[in-house]
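Q: Pasting a structure here, questions to come.
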Amino acid sequence: MTKKMLIAALAATGTIPAALHAHHSYAMFDHGKEIELTGTVREWQWTSPHTWLYLVVPNGKGSPTRYSIEGGNPGLLRRQGFSKGSMQPGDKVTVYMAPLKSGDKGGALDAVKLANGATLGERNRILGQ
């Protein structure tokens, strides 16, 4: 039995492992908007299937606002100039992201401008940037 036939047979019987269906979409982000945040890296997680950037942003109200920003997989981000060592806790960066539709403090990573002026990633092309 070929691999394609085996997959088709498993799909037909509903026995494909749940992990194969577990990947989520990016529908929770508003890709028609791009938010620019300037803050300090709290943590940069270079993990699969998605990277995570935790950013602390001053808000003028005392304690800063914390953002959780989901990036693509390391392979995709590597092609956009990112690496495991791109950012360290304490680095000052400007982040461009598609915000969460819910209004929570997070989003989908588009690009990061590092303190040295280098930009990693791509700004939101839908907005013509």
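Residue names in the structure tokens use chain letters A, B, ... in the order shown, residue numbers from 1 in each chain, and ligand numbers from 1 in the order shown.
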With only C-alpha atoms as the counted atoms, please give the residues lying no more than 8 Å from stretch 48-59 of chain A, apart from itself and same-chain residues fewer than 6 positions off, as a short mmCIF file (atom, residue, chain, number, x, y, z; two decimals) with C-alpha atoms, in the first residue's frame.

A:
data_model
loop_
_atom_site.label_atom_id
_atom_site.label_comp_id
_atom_site.auth_asym_id
_atom_site.auth_seq_id
_atom_site.Cartn_x
_atom_site.Cartn_y
_atom_site.Cartn_z
CA LEU A 37 5.19 48.65 19.58
CA THR A 38 8.48 49.81 21.04
CA GLY A 39 9.63 48.01 24.13
CA THR A 40 12.02 45.61 25.81
CA VAL A 41 12.36 41.91 25.03
CA ARG A 42 11.35 39.83 28.04
CA THR A 65 2.09 46.36 29.46
CA ARG A 66 3.15 42.83 28.54
CA TYR A 67 2.51 41.51 25.05
CA SER A 68 2.66 37.91 23.79
CA ILE A 69 3.47 37.90 20.09
CA GLU A 70 3.28 34.71 18.07
CA GLY A 71 5.69 34.24 15.21
CA GLY A 72 5.85 31.69 12.46
CA ASN A 73 7.87 28.53 12.58
CA PRO A 74 11.65 28.81 12.86
#

Q: Among stretch 6-116 of chain A, which residues does DSSP mark as strand (DSSP E) when it is run on the backbone? Keep the chain and numbering as in the structure and answer as a PyMOL selection string.

A: chain A and resi 35-45+52-57+65-70+92-99+106-113

Q: Kindly give the distance, in Å, that separates atom CA of A:Gly117 and atom CA of A:Tyr96, rounded to a single decimal.

A: 14.0 Å

Q: For A:Ala115, list every protein, DNA or RNA residue within 12 Å, evaluated using only C-alpha atoms, and leave out those in the same chain fewer than 2 positions away; present the list as a VMD selection string.

A: chain A and resid 38 to 41 86 to 88 90 to 95 112 to 113 117 to 120

Q: So the first atom is atom CA of A:Glu36 and the second is atom CA of A:Gly106; what is the distance between them in Å, to one decimal place?

A: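 These atoms are spaced 11.7 Å apart.
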
Q: With only C-alpha atoms as the counted atoms, please give the residues lying no more than 9 Å from A:Ser83, apart from itself and same-chain residues fewer than 5 positions off, as a list in words.

A: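 With the cut-off at 9 Å, the set is Trp46, Pro74, Leu77 and Arg78 of chain A.
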
Q: Dump N, CA and C atoms for the selected residues as a PDB file, in the first residue's frame?

A:
ATOM      1  N   TRP A  46      12.537  30.469  20.524  1.00  0.00           N
ATOM      2  CA  TRP A  46      12.776  29.927  19.181  1.00  0.00           C
ATOM      3  C   TRP A  46      12.342  28.468  19.213  1.00  0.00           C
ATOM      4  N   PRO A  74      10.258  28.393  13.023  1.00  0.00           N
ATOM      5  CA  PRO A  74      11.652  28.814  12.858  1.00  0.00           C
ATOM      6  C   PRO A  74      12.164  28.756  11.416  1.00  0.00           C
ATOM      7  N   LEU A  77      10.860  31.896   9.649  1.00  0.00           N
ATOM      8  CA  LEU A  77      11.499  33.106  10.174  1.00  0.00           C
ATOM      9  C   LEU A  77      12.985  33.169   9.824  1.00  0.00           C
ATOM     10  N   ARG A  78      13.643  32.027   9.730  1.00  0.00           N
ATOM     11  CA  ARG A  78      15.053  32.001   9.337  1.00  0.00           C
ATOM     12  C   ARG A  78      15.205  32.601   7.938  1.00  0.00           C
TER      13      ARG A  78
END

Q: Using only C-alpha atoms, which of the listed residues (A:Pro89, A:His31, A:Gly75, A:Gly60) sits closest to A:Gly107?

A: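 Smallest separation from A:Gly107 among the options: A:His31.
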
Q: How far is it from atom CA of A:Gly81 to atom CA of A:Ala27, in Å with one decimal?

A: 24.7 Å

Q: Excluding A:Pro99 and residues on its chain fewer than 6 positions from it, collect all residues at most 8 Å away from it, counting only C-alpha atoms, and give them as a list in words.

A: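 Near A:Pro99, the qualifying residues are Phe29, Asp30, His31, Lys33, Glu34, Ile35, Lys105, Gly106, Gly107 and Ala108 of chain A.
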
Q: Those same residues - all heavy atoms - I'd like them written as a short mmCIF file (atom, residue, chain, number, x, y, z; two decimals), in the first residue's frame.

A:
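Generated file (selection26.cif):
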data_model
loop_
_atom_site.label_atom_id
_atom_site.label_comp_id
_atom_site.auth_asym_id
_atom_site.auth_seq_id
_atom_site.Cartn_x
_atom_site.Cartn_y
_atom_site.Cartn_z
N PHE A 29 -6.15 36.82 14.38
CA PHE A 29 -5.42 38.07 14.23
C PHE A 29 -6.06 38.93 13.15
O PHE A 29 -6.57 38.42 12.17
CB PHE A 29 -3.96 37.79 13.85
CG PHE A 29 -3.25 36.89 14.83
CD1 PHE A 29 -2.90 35.60 14.48
CD2 PHE A 29 -2.96 37.33 16.11
CE1 PHE A 29 -2.25 34.77 15.37
CE2 PHE A 29 -2.32 36.51 17.01
CZ PHE A 29 -1.96 35.23 16.65
N ASP A 30 -6.01 40.24 13.33
CA ASP A 30 -6.56 41.18 12.36
C ASP A 30 -5.45 41.58 11.40
O ASP A 30 -4.70 42.52 11.66
CB ASP A 30 -7.14 42.40 13.07
CG ASP A 30 -7.84 43.34 12.11
OD1 ASP A 30 -7.68 43.19 10.88
OD2 ASP A 30 -8.54 44.25 12.60
N HIS A 31 -5.34 40.87 10.28
CA HIS A 31 -4.27 41.12 9.32
C HIS A 31 -4.53 42.36 8.47
O HIS A 31 -3.69 42.72 7.66
CB HIS A 31 -4.03 39.89 8.46
CG HIS A 31 -3.48 38.74 9.25
ND1 HIS A 31 -2.17 38.66 9.63
CD2 HIS A 31 -4.09 37.66 9.77
CE1 HIS A 31 -1.98 37.56 10.33
NE2 HIS A 31 -3.15 36.94 10.44
N LYS A 33 -4.77 45.19 9.92
CA LYS A 33 -4.16 46.23 10.76
C LYS A 33 -2.74 45.84 11.09
O LYS A 33 -2.41 44.66 11.13
CB LYS A 33 -4.93 46.39 12.08
CG LYS A 33 -6.33 46.90 11.93
CD LYS A 33 -6.98 47.02 13.30
CE LYS A 33 -8.42 47.47 13.15
NZ LYS A 33 -9.10 47.47 14.45
N GLU A 34 -1.93 46.85 11.33
CA GLU A 34 -0.58 46.60 11.83
C GLU A 34 -0.32 47.58 12.97
O GLU A 34 -0.53 48.77 12.83
CB GLU A 34 0.46 46.79 10.73
CG GLU A 34 1.86 46.43 11.20
CD GLU A 34 2.90 46.58 10.12
OE1 GLU A 34 3.21 47.73 9.77
OE2 GLU A 34 3.38 45.55 9.62
N ILE A 35 0.11 47.03 14.09
CA ILE A 35 0.42 47.84 15.27
C ILE A 35 1.93 47.89 15.43
O ILE A 35 2.61 46.88 15.24
CB ILE A 35 -0.23 47.25 16.53
CG1 ILE A 35 -1.74 47.41 16.45
CG2 ILE A 35 0.31 47.91 17.79
CD1 ILE A 35 -2.48 46.82 17.63
N LYS A 105 -3.68 41.73 24.63
CA LYS A 105 -2.34 42.26 24.38
C LYS A 105 -1.45 41.21 23.72
O LYS A 105 -0.65 40.54 24.34
CB LYS A 105 -1.71 42.76 25.68
CG LYS A 105 -2.52 43.82 26.40
CD LYS A 105 -2.73 45.03 25.54
CE LYS A 105 -3.50 46.10 26.31
NZ LYS A 105 -4.05 47.11 25.46
N GLY A 106 -1.63 41.07 22.43
CA GLY A 106 -0.84 40.12 21.67
C GLY A 106 -1.11 40.27 20.20
O GLY A 106 -1.92 41.10 19.78
N GLY A 107 -0.41 39.46 19.41
CA GLY A 107 -0.62 39.53 17.98
C GLY A 107 0.26 38.55 17.24
O GLY A 107 0.93 37.71 17.83
N ALA A 108 0.24 38.69 15.92
CA ALA A 108 1.05 37.87 15.02
C ALA A 108 2.23 38.71 14.54
O ALA A 108 2.05 39.81 14.01
CB ALA A 108 0.23 37.39 13.84
#
